[in-house]
file input-v8.cif (mmCIF, C-alpha atoms)
data_query
#
loop_
_atom_site.group_PDB
_atom_site.id
_atom_site.type_symbol
_atom_site.label_atom_id
_atom_site.label_comp_id
_atom_site.auth_asym_id
_atom_site.auth_seq_id
_atom_site.Cartn_x
_atom_site.Cartn_y
_atom_site.Cartn_z
ATOM 1 C CA MET J 1 69.043 316.190 193.565
ATOM 2 C CA LYS J 2 67.512 313.808 190.994
ATOM 3 C CA ASN J 3 70.316 311.224 191.386
ATOM 4 C CA LYS J 4 69.724 310.974 195.085
ATOM 5 C CA PHE J 5 65.961 310.747 194.808
ATOM 6 C CA LEU J 6 65.892 307.757 192.413
ATOM 7 C CA PRO J 7 67.855 305.156 194.452
ATOM 8 C CA LEU J 8 66.063 306.233 197.602
ATOM 9 C CA SER J 9 62.645 305.709 196.082
ATOM 10 C CA ILE J 10 63.704 302.329 194.644
ATOM 11 C CA ILE J 11 64.854 301.192 198.075
ATOM 12 C CA PHE J 12 61.650 302.494 199.575
ATOM 13 C CA ILE J 13 59.536 300.537 197.083
ATOM 14 C CA PHE J 14 61.521 297.352 197.676
ATOM 15 C CA VAL J 15 61.152 297.706 201.418
ATOM 16 C CA ILE J 16 57.387 298.055 201.040
ATOM 17 C CA PHE J 17 57.234 295.011 198.770
ATOM 18 C CA PHE J 18 59.320 293.047 201.232
ATOM 19 C CA ILE J 19 57.042 293.947 204.113
ATOM 20 C CA ILE J 20 53.914 293.063 202.144
ATOM 21 C CA PHE J 21 55.223 289.693 201.022
ATOM 22 C CA TYR J 22 56.721 288.911 204.418
ATOM 23 C CA LYS J 23 53.434 289.656 206.131
ATOM 24 C CA GLY J 24 51.569 287.755 203.437
ATOM 25 C CA LEU J 25 53.600 284.634 204.169
ATOM 26 C CA GLN J 26 52.183 284.402 207.653
ATOM 27 C CA TYR J 27 48.587 284.084 206.603
ATOM 28 C CA THR J 28 47.043 281.157 204.841
ATOM 29 C CA ASN J 29 44.864 282.082 201.968
ATOM 30 C CA ILE J 30 42.471 279.203 202.378
ATOM 31 C CA TYR J 31 39.120 280.668 203.140
ATOM 32 C CA THR J 32 36.515 278.755 205.032
ATOM 33 C CA PRO J 33 33.077 280.298 205.140
ATOM 34 C CA GLU J 34 32.206 281.555 208.566
ATOM 35 C CA ILE J 35 29.952 279.233 210.455
ATOM 36 C CA LYS J 36 26.578 280.849 210.683
ATOM 37 C CA THR J 37 24.410 279.505 213.432
ATOM 38 C CA ASN J 38 21.022 280.520 214.790
ATOM 39 C CA ASN J 39 19.751 280.661 211.263
ATOM 40 C CA LYS J 40 16.518 279.150 210.154
ATOM 41 C CA ILE J 41 16.765 275.919 208.255
ATOM 42 C CA PRO J 42 16.489 276.383 204.507
ATOM 43 C CA LEU J 43 13.257 275.638 202.730
ATOM 44 C CA PHE J 44 13.699 272.839 200.275
ATOM 45 C CA SER J 45 12.096 269.811 198.744
ATOM 46 C CA ALA J 46 14.004 266.589 198.386
ATOM 47 C CA ASP J 47 13.729 262.990 197.269
ATOM 48 C CA LEU J 48 13.683 260.328 199.919
ATOM 49 C CA PHE J 49 16.149 257.473 199.638
ATOM 50 C CA TYR J 50 13.906 254.474 200.222
ATOM 51 C CA SER J 51 10.480 255.571 199.047
ATOM 52 C CA ASN J 52 11.333 257.921 196.142
ATOM 53 C CA LYS J 53 8.796 260.358 197.545
ATOM 54 C CA VAL J 54 9.341 264.094 197.445
ATOM 55 C CA VAL J 55 9.188 265.759 200.856
ATOM 56 C CA ASN J 56 9.304 269.354 202.035
ATOM 57 C CA SER J 57 11.596 270.603 204.764
ATOM 58 C CA SER J 58 8.641 271.337 207.049
ATOM 59 C CA GLU J 59 7.564 267.681 206.904
ATOM 60 C CA LEU J 60 11.027 266.480 207.838
ATOM 61 C CA PHE J 61 11.801 268.844 210.700
ATOM 62 C CA LYS J 62 9.106 269.129 213.310
ATOM 63 C CA LEU J 63 9.314 271.732 216.028
ATOM 64 C CA ASP J 64 10.155 270.843 219.640
ATOM 65 C CA LYS J 65 12.557 268.122 218.706
ATOM 66 C CA PHE J 66 16.278 267.878 218.164
ATOM 67 C CA TYR J 67 17.577 266.797 214.797
ATOM 68 C CA LEU J 68 21.030 266.060 213.558
ATOM 69 C CA LEU J 69 21.331 266.479 209.827
ATOM 70 C CA ASN J 70 24.316 264.538 208.571
ATOM 71 C CA ILE J 71 25.658 264.791 205.035
ATOM 72 C CA TRP J 72 27.374 261.558 204.071
ATOM 73 C CA SER J 73 28.400 259.447 201.151
ATOM 74 C CA SER J 74 29.621 255.907 200.657
ATOM 75 C CA TRP J 75 32.749 257.120 198.868
ATOM 76 C CA CYS J 76 33.725 259.432 201.720
ATOM 77 C CA VAL J 77 36.336 257.911 203.996
ATOM 78 C CA PRO J 78 35.859 260.170 207.074
ATOM 79 C CA CYS J 79 32.127 259.314 206.946
ATOM 80 C CA ARG J 80 33.046 255.703 207.594
ATOM 81 C CA LYS J 81 34.937 256.761 210.694
ATOM 82 C CA GLU J 82 32.184 258.862 212.196
ATOM 83 C CA HIS J 83 29.496 256.314 211.406
ATOM 84 C CA SER J 84 29.895 254.274 214.582
ATOM 85 C CA LEU J 85 29.449 257.469 216.601
ATOM 86 C CA LEU J 86 26.259 258.247 214.713
ATOM 87 C CA MET J 87 25.010 254.731 215.406
ATOM 88 C CA HIS J 88 25.667 255.349 219.073
ATOM 89 C CA LEU J 89 23.908 258.718 219.035
ATOM 90 C CA GLY J 90 20.982 257.300 217.071
ATOM 91 C CA LYS J 91 20.059 255.051 220.004
ATOM 92 C CA SER J 92 19.019 258.111 221.995
ATOM 93 C CA ASN J 93 15.314 258.871 221.693
ATOM 94 C CA LYS J 94 15.843 262.572 222.174
ATOM 95 C CA ILE J 95 17.325 263.158 218.772
ATOM 96 C CA ASP J 96 16.484 262.086 215.248
ATOM 97 C CA ILE J 97 19.310 261.762 212.766
ATOM 98 C CA ILE J 98 18.478 262.672 209.204
ATOM 99 C CA GLY J 99 20.933 261.849 206.477
ATOM 100 C CA ILE J 100 21.658 263.531 203.169
ATOM 101 C CA ASN J 101 23.180 260.997 200.858
ATOM 102 C CA TYR J 102 25.493 263.217 198.820
ATOM 103 C CA LYS J 103 26.292 262.375 195.174
ATOM 104 C CA ASP J 104 26.111 258.658 195.645
ATOM 105 C CA THR J 105 24.617 255.682 193.877
ATOM 106 C CA LYS J 106 21.818 253.819 195.601
ATOM 107 C CA VAL J 107 23.621 250.485 195.341
ATOM 108 C CA ASN J 108 26.785 251.739 197.012
ATOM 109 C CA ALA J 109 24.878 253.600 199.706
ATOM 110 C CA GLU J 110 22.860 250.479 200.545
ATOM 111 C CA ILE J 111 26.022 248.384 200.803
ATOM 112 C CA PHE J 112 27.478 251.040 203.116
ATOM 113 C CA LEU J 113 24.403 250.961 205.387
ATOM 114 C CA ASP J 114 24.211 247.171 205.390
ATOM 115 C CA GLU J 115 27.817 246.986 206.422
ATOM 116 C CA LEU J 116 27.873 249.687 209.101
ATOM 117 C CA GLY J 117 24.237 249.987 210.156
ATOM 118 C CA ASN J 118 21.630 252.653 209.567
ATOM 119 C CA PRO J 119 21.348 255.383 212.238
ATOM 120 C CA TYR J 120 19.123 257.594 210.081
ATOM 121 C CA LYS J 121 15.409 258.097 210.631
ATOM 122 C CA LYS J 122 15.110 259.404 207.115
ATOM 123 C CA ILE J 123 17.565 259.751 204.284
ATOM 124 C CA ILE J 124 17.432 262.374 201.587
ATOM 125 C CA PHE J 125 18.795 261.163 198.271
ATOM 126 C CA ASP J 126 20.806 264.029 196.852
ATOM 127 C CA GLN J 127 22.320 262.804 193.646
ATOM 128 C CA GLU J 128 23.149 266.202 192.176
ATOM 129 C CA GLY J 129 24.421 267.688 195.417
ATOM 130 C CA ILE J 130 21.822 270.453 195.356
ATOM 131 C CA ASN J 131 20.353 269.873 198.817
ATOM 132 C CA ALA J 132 23.811 270.003 200.379
ATOM 133 C CA ILE J 133 24.365 273.423 198.812
ATOM 134 C CA GLU J 134 21.002 274.644 200.019
ATOM 135 C CA TRP J 135 22.290 273.895 203.497
ATOM 136 C CA GLY J 136 25.496 275.819 202.784
ATOM 137 C CA ALA J 137 27.752 272.778 202.832
ATOM 138 C CA TYR J 138 30.856 272.462 200.714
ATOM 139 C CA GLY J 139 32.082 268.999 201.502
ATOM 140 C CA VAL J 140 31.318 265.720 203.186
ATOM 141 C CA PRO J 141 30.838 264.995 206.025
ATOM 142 C CA GLU J 142 29.005 267.930 207.546
ATOM 143 C CA SER J 143 26.485 267.892 210.365
ATOM 144 C CA TYR J 144 23.911 270.360 211.616
ATOM 145 C CA LEU J 145 22.194 270.298 214.961
ATOM 146 C CA ILE J 146 18.667 271.630 214.645
ATOM 147 C CA HIS J 147 16.119 272.587 217.248
ATOM 148 C CA ASN J 148 12.809 274.358 216.664
ATOM 149 C CA GLY J 149 13.650 274.848 213.028
ATOM 150 C CA ILE J 150 16.851 276.698 213.842
ATOM 151 C CA ILE J 151 20.404 275.536 213.242
ATOM 152 C CA ILE J 152 22.135 275.680 216.621
ATOM 153 C CA ARG J 153 25.434 274.079 215.687
ATOM 154 C CA LYS J 154 27.246 273.335 212.496
ATOM 155 C CA TYR J 155 30.082 270.839 212.288
ATOM 156 C CA THR J 156 32.217 270.635 209.191
ATOM 157 C CA GLY J 157 34.281 267.506 208.914
ATOM 158 C CA PRO J 158 33.785 264.251 210.759
ATOM 159 C CA LEU J 159 32.298 264.188 214.237
ATOM 160 C CA ASN J 160 34.435 262.884 217.065
ATOM 161 C CA LYS J 161 33.764 261.727 220.605
ATOM 162 C CA LYS J 162 34.170 265.208 222.035
ATOM 163 C CA LEU J 163 31.610 266.680 219.668
ATOM 164 C CA ILE J 164 29.190 263.821 220.289
ATOM 165 C CA ASN J 165 29.432 264.534 224.012
ATOM 166 C CA GLU J 166 28.768 268.201 223.302
ATOM 167 C CA ILE J 167 25.674 267.254 221.322
ATOM 168 C CA LYS J 168 24.513 264.975 224.139
ATOM 169 C CA LEU J 169 24.859 267.812 226.620
ATOM 170 C CA LEU J 170 22.891 270.147 224.367
ATOM 171 C CA ILE J 171 19.971 267.793 223.867
ATOM 172 C CA LYS J 172 19.589 266.915 227.546
ATOM 173 C CA MET Q 1 12.835 279.918 145.126
ATOM 174 C CA LYS Q 2 14.921 277.003 146.327
ATOM 175 C CA VAL Q 3 17.647 279.335 147.369
ATOM 176 C CA LEU Q 4 15.155 281.398 149.338
ATOM 177 C CA LYS Q 5 13.914 278.279 151.166
ATOM 178 C CA LEU Q 6 17.431 277.221 151.962
ATOM 179 C CA PHE Q 7 18.191 280.681 153.217
ATOM 180 C CA PHE Q 8 15.173 280.588 155.520
ATOM 181 C CA ILE Q 9 16.134 277.177 156.899
ATOM 182 C CA ILE Q 10 19.651 278.335 157.642
ATOM 183 C CA PHE Q 11 18.300 281.524 159.179
ATOM 184 C CA PHE Q 12 15.992 279.541 161.481
ATOM 185 C CA ILE Q 13 18.742 277.196 162.579
ATOM 186 C CA PHE Q 14 20.952 280.112 163.451
ATOM 187 C CA SER Q 15 18.257 281.947 165.354
ATOM 188 C CA PHE Q 16 17.561 278.862 167.468
ATOM 189 C CA ASN Q 17 21.216 278.515 168.212
ATOM 190 C CA GLN Q 18 21.258 282.042 169.487
ATOM 191 C CA LEU Q 19 18.323 281.384 171.798
ATOM 192 C CA ARG Q 20 20.137 278.488 173.365
ATOM 193 C CA ALA Q 21 23.328 280.404 173.680
ATOM 194 C CA ASN Q 22 21.664 283.190 175.646
ATOM 195 C CA ASN Q 23 20.750 280.995 178.576
ATOM 196 C CA ASP Q 24 24.159 279.349 178.541
ATOM 197 C CA ASP Q 25 25.839 282.737 178.379
ATOM 198 C CA MET Q 26 24.047 283.825 181.523
ATOM 199 C CA LYS Q 27 24.959 280.630 183.282
ATOM 200 C CA SER Q 28 28.633 280.867 182.410
ATOM 201 C CA LYS Q 29 28.665 284.555 183.308
ATOM 202 C CA ILE Q 30 27.327 283.766 186.763
ATOM 203 C CA THR Q 31 29.524 280.742 187.356
ATOM 204 C CA LYS Q 32 32.588 282.731 186.303
ATOM 205 C CA ASN Q 33 31.745 285.205 189.030
ATOM 206 C CA LEU Q 34 31.518 282.580 191.757
ATOM 207 C CA ARG Q 35 34.580 281.311 193.541
ATOM 208 C CA CYS Q 36 35.067 277.615 194.089
ATOM 209 C CA LEU Q 37 35.533 277.021 197.803
ATOM 210 C CA VAL Q 38 37.178 273.623 197.628
ATOM 211 C CA CYS Q 39 39.653 274.418 194.860
ATOM 212 C CA GLN Q 40 40.503 277.995 195.722
ATOM 213 C CA GLY Q 41 41.918 280.147 192.987
ATOM 214 C CA GLN Q 42 39.489 278.736 190.447
ATOM 215 C CA SER Q 43 36.055 279.919 189.522
ATOM 216 C CA ILE Q 44 33.079 277.593 189.592
ATOM 217 C CA ASN Q 45 33.041 277.715 185.804
ATOM 218 C CA ASP Q 46 36.631 276.473 185.526
ATOM 219 C CA SER Q 47 36.448 273.869 188.220
ATOM 220 C CA ASP Q 48 35.288 270.302 187.839
ATOM 221 C CA SER Q 49 35.054 269.464 191.535
ATOM 222 C CA GLU Q 50 31.928 267.932 193.052
ATOM 223 C CA PHE Q 51 31.134 271.204 194.783
ATOM 224 C CA ALA Q 52 31.468 273.250 191.604
ATOM 225 C CA ASN Q 53 29.406 270.846 189.552
ATOM 226 C CA SER Q 54 26.594 270.977 192.092
ATOM 227 C CA ILE Q 55 26.627 274.759 192.024
ATOM 228 C CA LYS Q 56 26.490 274.755 188.232
ATOM 229 C CA VAL Q 57 23.396 272.557 188.351
ATOM 230 C CA LEU Q 58 21.836 274.783 190.990
ATOM 231 C CA VAL Q 59 22.543 277.977 189.019
ATOM 232 C CA GLU Q 60 20.831 276.463 186.002
ATOM 233 C CA LYS Q 61 17.888 275.406 188.138
ATOM 234 C CA LYS Q 62 17.565 278.887 189.626
ATOM 235 C CA LEU Q 63 17.735 280.481 186.170
ATOM 236 C CA ASN Q 64 14.949 278.210 184.999
ATOM 237 C CA GLU Q 65 12.933 279.171 188.053
ATOM 238 C CA GLY Q 66 13.224 282.772 186.918
ATOM 239 C CA PHE Q 67 15.835 284.079 189.336
ATOM 240 C CA SER Q 68 17.740 287.130 188.127
ATOM 241 C CA GLU Q 69 21.517 287.301 188.117
ATOM 242 C CA LYS Q 70 21.524 289.509 191.190
ATOM 243 C CA GLN Q 71 19.158 287.255 193.097
ATOM 244 C CA ILE Q 72 21.409 284.272 192.433
ATOM 245 C CA TYR Q 73 24.435 286.176 193.753
ATOM 246 C CA GLU Q 74 22.444 287.138 196.844
ATOM 247 C CA TYR Q 75 21.409 283.540 197.299
ATOM 248 C CA PHE Q 76 24.974 282.266 197.342
ATOM 249 C CA LYS Q 77 26.240 285.188 199.380
ATOM 250 C CA ASP Q 78 23.662 284.355 201.989
ATOM 251 C CA LYS Q 79 24.831 280.747 202.131
ATOM 252 C CA TYR Q 80 28.609 281.074 201.911
ATOM 253 C CA GLY Q 81 29.462 284.680 202.657
ATOM 254 C CA GLU Q 82 30.661 287.463 200.405
ATOM 255 C CA TRP Q 83 33.899 285.691 199.625
ATOM 256 C CA ILE Q 84 32.196 283.428 197.118
ATOM 257 C CA LEU Q 85 31.669 286.423 194.806
ATOM 258 C CA TYR Q 86 34.564 287.540 192.646
ATOM 259 C CA ASP Q 87 33.093 291.003 192.430
ATOM 260 C CA PRO Q 88 33.270 292.392 195.954
ATOM 261 C CA GLU Q 89 30.906 295.050 197.193
ATOM 262 C CA LEU Q 90 31.974 298.376 198.597
ATOM 263 C CA ASN Q 91 32.100 298.171 202.372
ATOM 264 C CA LYS Q 92 34.508 298.899 205.202
ATOM 265 C CA ASN Q 93 36.661 295.885 204.378
ATOM 266 C CA THR Q 94 36.975 296.602 200.699
ATOM 267 C CA TYR Q 95 37.067 300.381 200.422
ATOM 268 C CA ILE Q 96 40.860 300.432 199.921
ATOM 269 C CA LEU Q 97 40.429 297.989 197.074
ATOM 270 C CA TRP Q 98 37.900 300.267 195.412
ATOM 271 C CA LEU Q 99 39.453 303.636 196.129
ATOM 272 C CA LEU Q 100 43.104 302.830 195.490
ATOM 273 C CA PRO Q 101 42.867 302.702 191.678
ATOM 274 C CA ILE Q 102 41.041 306.035 191.643
ATOM 275 C CA LEU Q 103 43.630 307.520 193.978
ATOM 276 C CA ILE Q 104 46.511 306.236 191.857
ATOM 277 C CA PHE Q 105 44.820 307.590 188.753
ATOM 278 C CA LEU Q 106 44.467 311.033 190.340
ATOM 279 C CA ILE Q 107 48.061 311.100 191.610
ATOM 280 C CA GLY Q 108 49.358 309.944 188.235
ATOM 281 C CA GLY Q 109 47.251 312.567 186.517
ATOM 282 C CA ALA Q 110 48.623 315.232 188.842
ATOM 283 C CA ILE Q 111 52.222 314.182 188.103
ATOM 284 C CA ILE Q 112 51.627 314.292 184.343
ATOM 285 C CA PHE Q 113 49.852 317.625 184.636
ATOM 286 C CA LYS Q 114 52.710 319.067 186.664
ATOM 287 C CA SER Q 115 55.359 317.875 184.225
ATOM 288 C CA PHE Q 116 53.358 319.473 181.382
ATOM 289 C CA ILE Q 117 53.475 322.786 183.174
ATOM 290 C CA ILE Q 118 57.227 322.414 183.655
ATOM 291 C CA MET Q 119 57.660 321.574 179.980
ATOM 292 C CA LYS Q 120 55.673 324.650 178.915
ATOM 293 C CA LYS Q 121 57.906 326.859 180.980
#

call {"tool": "encode", "arguments": {"input": "input-v8.cif", "output": "structure tokens"}}
result
Amino acid sequence: MKNKFLPLSIIFIFVIFFIIFYKGLQYTNIYTPEIKTNNKIPLFSADLFYSNKVVNSSELFKLDKFYLLNIWSSWCVPCRKEHSLLMHLGKSNKIDIIGINYKDTKVNAEIFLDELGNPYKKIIFDQEGINAIEWGAYGVPESYLIHNGIIIRKYTGPLNKKLINEIKLLIK
Amino acid sequence: MKVLKLFFIIFFIFSFNQLRANNDDMKSKITKNLRCLVCQGQSINDSDSEFANSIKVLVEKKLNEGFSEKQIYEYFKDKYGEWILYDPELNKNTYILWLLPILIFLIGGAIIFKSFIIMKK
């Protein structure tokens, strides 16, 4: 009785382990935080890039207007790619683009803007990366579409033509 | 007398050290409980990524503002979801995680108890 029970239970345990590991192989373990939209914008105060003034979130984001908040940095390669699209979008008078300059030096950021143009109405200078975290970002670039003080869309990673068209449709 | 003075000086230095350590202890306790999202498998405390360093600065800022440990966890949970905490709460997704050890403990206890009865016989 005992001799039969032992090998059977060992096989049973191995089968369970096999199933668990086999199933586990199919899933990636990389977690990306779920994109929460229709949330209010966070309350924060930040330094401005050009004037060194401290502003509050309520001064930056007025109601009844569309804003695109774009987190960028001069050392971020995908930001370079999406920049021409932002320049294009910035020409529209229906939307204001606000930049968060993430963990950058002023000199490098200015060179970046001189080279590629400045689509931003205002730039927040976020040297410690705190403002980006207040927005719930975990990398660069990230963009948020804001209307009436509410985040309607969140885009992680660089924007592309398709997303720009989506934004254009939304702000019509 | 000199010895007494020296003793007091050393005592003061040590007590200041302890004061400093308390705030740092809290900070490292919190950052050890937060998961780094860009370098998964590491805690914020262990990681040296841009994301982790920003969170460390923010935790310190929040502590100085008078936030409690729990409030800081809530703050980050609100921003990034529950996954950022290493200590998961009991809900419908995690109840197996919480109940399984208790269940195993009870079953193991029952097996030991049963074998004791057999041994007594």

call {"tool": "atom_distance", "arguments": {"input": "input-v8.cif", "atom1": "CA of Leu113 in chain J", "atom2": "CA of Asp64 in chain J"}}
result
28.3 Å

call {"tool": "resolve_selection", "arguments": {"input": "input-v8.cif", "expression": "the PyMOL selection byres ((chain J and resi 153) around 8)", "output": "list in words"}}
result
Thr37, Asn38, Tyr144, Leu145, Ile146, Ile151, Ile152, Lys154 and Tyr155 of chain J

call {"tool": "closest_residue", "arguments": {"input": "input-v8.cif", "among": "Q:Phe113, Q:Phe7, Q:Phe12, Q:Phe51", "to": "Val38 in chain Q", "atoms": "all atoms listed in the file"}}
result
Q:Phe51

call {"tool": "interface_residues", "arguments": {"input": "input-v8.cif", "of": "chain J", "to": "chain Q", "cutoff": "6 Å", "atoms": "only C-alpha atoms", "output": "ChimeraX atom specification"}}
result
/J:33,128-130,136

call {"tool": "closest_residue", "arguments": {"input": "input-v8.cif", "among": "Q:Ile9, Q:Ile30, Q:Ile118, Q:Leu4", "to": "Lys70 in chain Q", "atoms": "all atoms listed in the file"}}
result
Q:Ile30

call {"tool": "residues_near_point", "arguments": {"input": "input-v8.cif", "point": "(14.8, 264.4, 222.6)", "cutoff": "10 Å", "atoms": "all atoms listed in the file", "output": "list in words"}}
result
Asp64, Lys65, Phe66, Tyr67, Ser92, Asn93, Lys94, Ile95, Asp96, His147, Lys168, Ile171 and Lys172 of chain J

call {"tool": "closest_residue", "arguments": {"input": "input-v8.cif", "among": "J:Leu25, J:Val140, J:Ile133, J:Leu8", "to": "Phe44 in chain J", "atoms": "all atoms listed in the file"}}
result
J:Ile133

call {"tool": "closest_residue", "arguments": {"input": "input-v8.cif", "among": "Q:Asn93, Q:Ser115, Q:Ser49, Q:Asn64", "to": "Met26 in chain Q", "atoms": "all atoms listed in the file"}}
result
Q:Asn64

call {"tool": "atom_distance", "arguments": {"input": "input-v8.cif", "atom1": "CA of Thr94 in chain Q", "atom2": "CA of Leu106 in chain Q"}}
result
19.3 Å

call {"tool": "resolve_selection", "arguments": {"input": "input-v8.cif", "expression": "the PyMOL selection byres ((chain Q and resi 31) around 7)", "output": "VMD selection string"}}
result
chain Q and resid 27 to 30 32 to 34 43 to 45 56

call {"tool": "closest_residue", "arguments": {"input": "input-v8.cif", "among": "J:Lys121, J:Arg80, J:Lys36, J:Lys161", "to": "Ile98 in chain J", "atoms": "only C-alpha atoms"}}
result
J:Lys121

call {"tool": "residues_around", "arguments": {"input": "input-v8.cif", "residues": "range 55-59 of chain J", "least_positions_apart": "6", "cutoff": "7 Å", "atoms": "only C-alpha atoms", "output": "list in words"}}
result
Leu43, Phe44, Ser45, Ala46 and Asp47 of chain J

call {"tool": "atom_distance", "arguments": {"input": "input-v8.cif", "atom1": "CA of Asp24 in chain Q", "atom2": "CA of Tyr102 in chain J"}}
result
25.9 Å

call {"tool": "resolve_selection", "arguments": {"input": "input-v8.cif", "expression": "the PyMOL selection byres ((chain J and resi 104-109) around 12)", "output": "NGL selection string"}}
result
(:J and (48-52 or 71-76 or 79-80 or 99-103 or 110-118 or 123-129 or 140)) or (:Q and (50))

call {"tool": "closest_residue", "arguments": {"input": "input-v8.cif", "among": "J:Pro119, J:Gly24, J:Glu34, J:Pro141", "to": "Ser84 in chain J", "atoms": "all atoms listed in the file"}}
result
J:Pro119

call {"tool": "decode", "arguments": {"input": "input-v8.cif", "residues": "range 54-116 of chain Q", "atoms": "C-alpha atoms", "output": "CSV table (one decimal), in the first residue's frame"}}
result
chain,number,residue,atom,x,y,z
Q,54,SER,CA,12.9,60.0,-8.7
Q,55,ILE,CA,10.7,58.0,-6.4
Q,56,LYS,CA,13.3,58.0,-3.7
Q,57,VAL,CA,13.5,61.8,-3.9
Q,58,LEU,CA,9.7,62.0,-3.8
Q,59,VAL,CA,9.4,59.6,-0.8
Q,60,GLU,CA,11.8,61.8,1.1
Q,61,LYS,CA,9.9,64.9,0.1
Q,62,LYS,CA,6.6,63.3,1.3
Q,63,LEU,CA,8.1,62.3,4.6
Q,64,ASN,CA,9.3,65.8,5.2
Q,65,GLU,CA,5.8,67.1,4.4
Q,66,GLY,CA,4.6,64.8,7.2
Q,67,PHE,CA,3.0,62.0,5.2
Q,68,SER,CA,2.7,58.7,7.1
Q,69,GLU,CA,4.0,55.4,5.7
Q,70,LYS,CA,0.5,54.3,4.8
Q,71,GLN,CA,-0.3,57.6,3.1
Q,72,ILE,CA,2.8,57.3,0.9
Q,73,TYR,CA,1.8,53.7,-0.1
Q,74,GLU,CA,-1.7,55.0,-0.9
Q,75,TYR,CA,-0.2,57.8,-3.0
Q,76,PHE,CA,1.8,55.5,-5.1
Q,77,LYS,CA,-1.0,52.9,-5.4
Q,78,ASP,CA,-3.2,55.6,-6.7
Q,79,LYS,CA,-0.7,56.5,-9.4
Q,80,TYR,CA,0.6,53.2,-10.5
Q,81,GLY,CA,-1.8,50.5,-9.3
Q,82,GLU,CA,-1.4,48.0,-6.5
Q,83,TRP,CA,1.4,46.2,-8.3
Q,84,ILE,CA,3.9,48.8,-7.2
Q,85,LEU,CA,3.5,47.5,-3.6
Q,86,TYR,CA,5.4,44.4,-2.5
Q,87,ASP,CA,2.9,43.8,0.2
Q,88,PRO,CA,-0.3,43.0,-1.5
Q,89,GLU,CA,-3.7,43.6,0.1
Q,90,LEU,CA,-6.3,40.9,0.7
Q,91,ASN,CA,-8.8,41.0,-2.2
Q,92,LYS,CA,-10.4,38.7,-4.7
Q,93,ASN,CA,-7.2,38.5,-6.7
Q,94,THR,CA,-4.9,37.7,-3.8
Q,95,TYR,CA,-6.9,35.6,-1.5
Q,96,ILE,CA,-5.2,32.4,-2.6
Q,97,LEU,CA,-1.9,34.0,-1.8
Q,98,TRP,CA,-3.0,34.9,1.7
Q,99,LEU,CA,-5.0,31.8,2.5
Q,100,LEU,CA,-2.7,29.1,1.1
Q,101,PRO,CA,0.0,29.3,3.8
Q,102,ILE,CA,-2.7,29.0,6.5
Q,103,LEU,CA,-4.3,26.1,4.7
Q,104,ILE,CA,-1.0,24.3,4.3
Q,105,PHE,CA,-0.2,24.9,7.9
Q,106,LEU,CA,-3.6,23.4,9.0
Q,107,ILE,CA,-3.2,20.4,6.7
Q,108,GLY,CA,0.4,19.8,7.9
Q,109,GLY,CA,-0.8,20.1,11.5
Q,110,ALA,CA,-3.5,17.6,10.9
Q,111,ILE,CA,-1.1,15.1,9.3
Q,112,ILE,CA,1.3,15.5,12.3
Q,113,PHE,CA,-1.6,15.2,14.7
Q,114,LYS,CA,-2.8,12.0,13.0
Q,115,SER,CA,0.6,10.4,13.0
Q,116,PHE,CA,0.9,11.1,16.7
